[in-house]
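This report refers to the structure that appears directly beneath it.
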Number of protein chains: 2
Amino acid sequence: MPASLDTVFSALADPTRRAILAMLLEDDMAVTDVAEPFSMSLAAISKHLVILADAGLIAREKRGRVIWCKLEPDAMRAASVWMQGFGQFEPVDLDAFERFLQEELAEGNGPLQKDQGLDPE
Amino acid sequence: MPASLDTVFSALADPTRRAILAMLLEDDMAVTDVAEPFSMSLAAISKHLVILADAGLIAREKRGRVIWCKLEPDAMRAASVWMQGFGQFEPVDLDAFERFLQEELAEGNGPLQKDQGLDPE
DNA sequence: GCCATATTCAACCGTCTGGTTGACGATTGA
DNA sequence: TCAATCGTCAACCAGACGGTTGAATATGGC
């Protein structure tokens, strides 16, 4: 049950969930803390976390009454391998990654702030 | 307008569309030929191709009355870079990629044949 | 024991998705 | 010219998705 490509890619398709993953990249977090910067209900974030967990992208561990979420980077490997079959991408480019994170978290499609202009499509 | 991560990942989230990409990896194809192995209507496949094209994953070129579809591997680079930020994956593993293609095309979730058992989730 | 905190559950809602069918426009070829 | 082929469009449908709210279920602290 290594979570199908279906579940992994569709989990990654949502900007809120990608933002959550980016947050967890810095540190493990409790559900409430994950939800804090978003302008949506805790229940909504909780559902997103379930989806990420079902995809194997994060793990949820209950300690006391707090559930800690941590990144589970292995799950992305399958998807990454699949993608790399389509054209040889230059070896890991962390600078480019940083730029994407910036765009996603700050400028763009603000999962963090509502009512922000999206890139016109 | 290099097609957002949103559109790329949600395009990749559908097994039919991933199968189409895998087919195009071998050769450029006309729409009708893409549709042939699938047990769904031509119109459905046509819609999938539009989604893939909007995501920048393929290009459609009309020659005569035939529309040729070709892979556009660059579009995956952004998504791939994003993913590689989460954990250093071992450098391109084409064997693993072949295995995934096998599973997707043959065994699994049959986008090619209907009514086939899915992995119980 | 009791109240506050942390998280999920359940029901609901509007919108998007993936499929169908049938009609339509464009192009080819006889 | 006329029929066949290629592909999309339009309308429709069932089900999934992303969000809401309010109640329910732990757990912790006093």
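Please note that chains go A, B, ... in the order of the structure tokens, that every chain numbers its residues from 1, and that ligands are numbered from 1 in the order shown.
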Check every residue of chain A for an atom within 12 Å of chain D, counting only C-alpha atoms (C1' of nucleotides), and provide those that qualify as a CSV table (one decimal) with C-alpha atoms, in the first residue's frame.
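See selection.csv below for the written result:
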```
chain,number,residue,atom,x,y,z
A,10,SER,CA,-4.1,14.5,-6.7
A,11,ALA,CA,-2.9,15.3,-3.2
A,13,ALA,CA,-2.7,19.2,-7.1
A,14,ASP,CA,-4.0,21.5,-4.3
A,15,PRO,CA,-2.1,24.6,-3.5
A,16,THR,CA,-3.2,24.5,0.2
A,17,ARG,CA,-1.8,21.1,0.5
A,39,SER,CA,-7.9,31.6,6.5
A,40,MET,CA,-10.0,28.5,6.6
A,41,SER,CA,-11.6,26.4,9.2
A,42,LEU,CA,-9.6,23.9,11.3
A,43,ALA,CA,-11.8,21.1,10.0
A,44,ALA,CA,-10.9,21.9,6.4
A,45,ILE,CA,-7.2,21.8,7.2
A,46,SER,CA,-7.8,18.5,9.1
A,47,LYS,CA,-9.3,17.1,6.0
A,48,HIS,CA,-6.3,18.2,3.9
A,51,ILE,CA,-5.6,13.4,2.3
A,62,LYS,CA,-0.7,11.4,18.3
A,63,ARG,CA,1.2,12.4,21.4
A,64,GLY,CA,-1.1,13.3,24.2
A,65,ARG,CA,-4.0,15.3,22.8
A,66,VAL,CA,-1.8,16.8,20.1
A,67,ILE,CA,-1.3,15.2,16.7
```
Mind dumping a table of every chain A residue within 6 Å of chain B, with the nearest atom pair and its distance in Å to one decimal, using only C-alpha atoms, sorted by chain and rising number, as a tab-separated table?
```
residue	atom	partner	partner_atom	distance
A:Asp6	CA	B:Ala13	CA	4.9
A:Phe9	CA	B:Ala13	CA	4.7
A:Ser10	CA	B:Ala13	CA	4.8
A:Ala13	CA	B:Phe9	CA	4.7
A:Pro73	CA	B:Gly87	CA	5.6
A:Val81	CA	B:Phe97	CA	5.8
A:Trp82	CA	B:Phe97	CA	5.3
A:Gly85	CA	B:Phe97	CA	5.9
A:Phe86	CA	B:Pro73	CA	5.8
A:Gly87	CA	B:Pro73	CA	5.6
A:Phe97	CA	B:Trp82	CA	5.3
```
Starting from chain C, keep only residues with some atom at most 10 Å from an atom of chain B, counting only C-alpha atoms (C1' of nucleotides), and report them as a ChimeraX atom specification.
-> /C:18-21,26-28
Just to be explicit: take each residue in the selection above, keep C-alpha atoms (C1' of nucleotides), and write the result as a CSV table (one decimal), in the first residue's frame.
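Output below, filename result-v8.csv:
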```
chain,number,residue,atom,x,y,z
C,18,DG,C1',-14.9,12.5,-16.0
C,19,DG,C1',-17.8,10.3,-18.6
C,20,DT,C1',-21.9,9.9,-22.0
C,21,DT,C1',-24.5,11.0,-26.5
C,26,DA,C1',-13.2,20.8,-41.4
C,27,DT,C1',-10.7,18.1,-44.5
C,28,DT,C1',-9.8,14.3,-47.7
```
What does the distance between C1' of DC16 in chain C and CA of Ala53 in chain A come to in Å, to one decimal place?
->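 Calculated distance between C1' of DC16 in chain C and CA of Ala53 in chain A is 23.1 Å.
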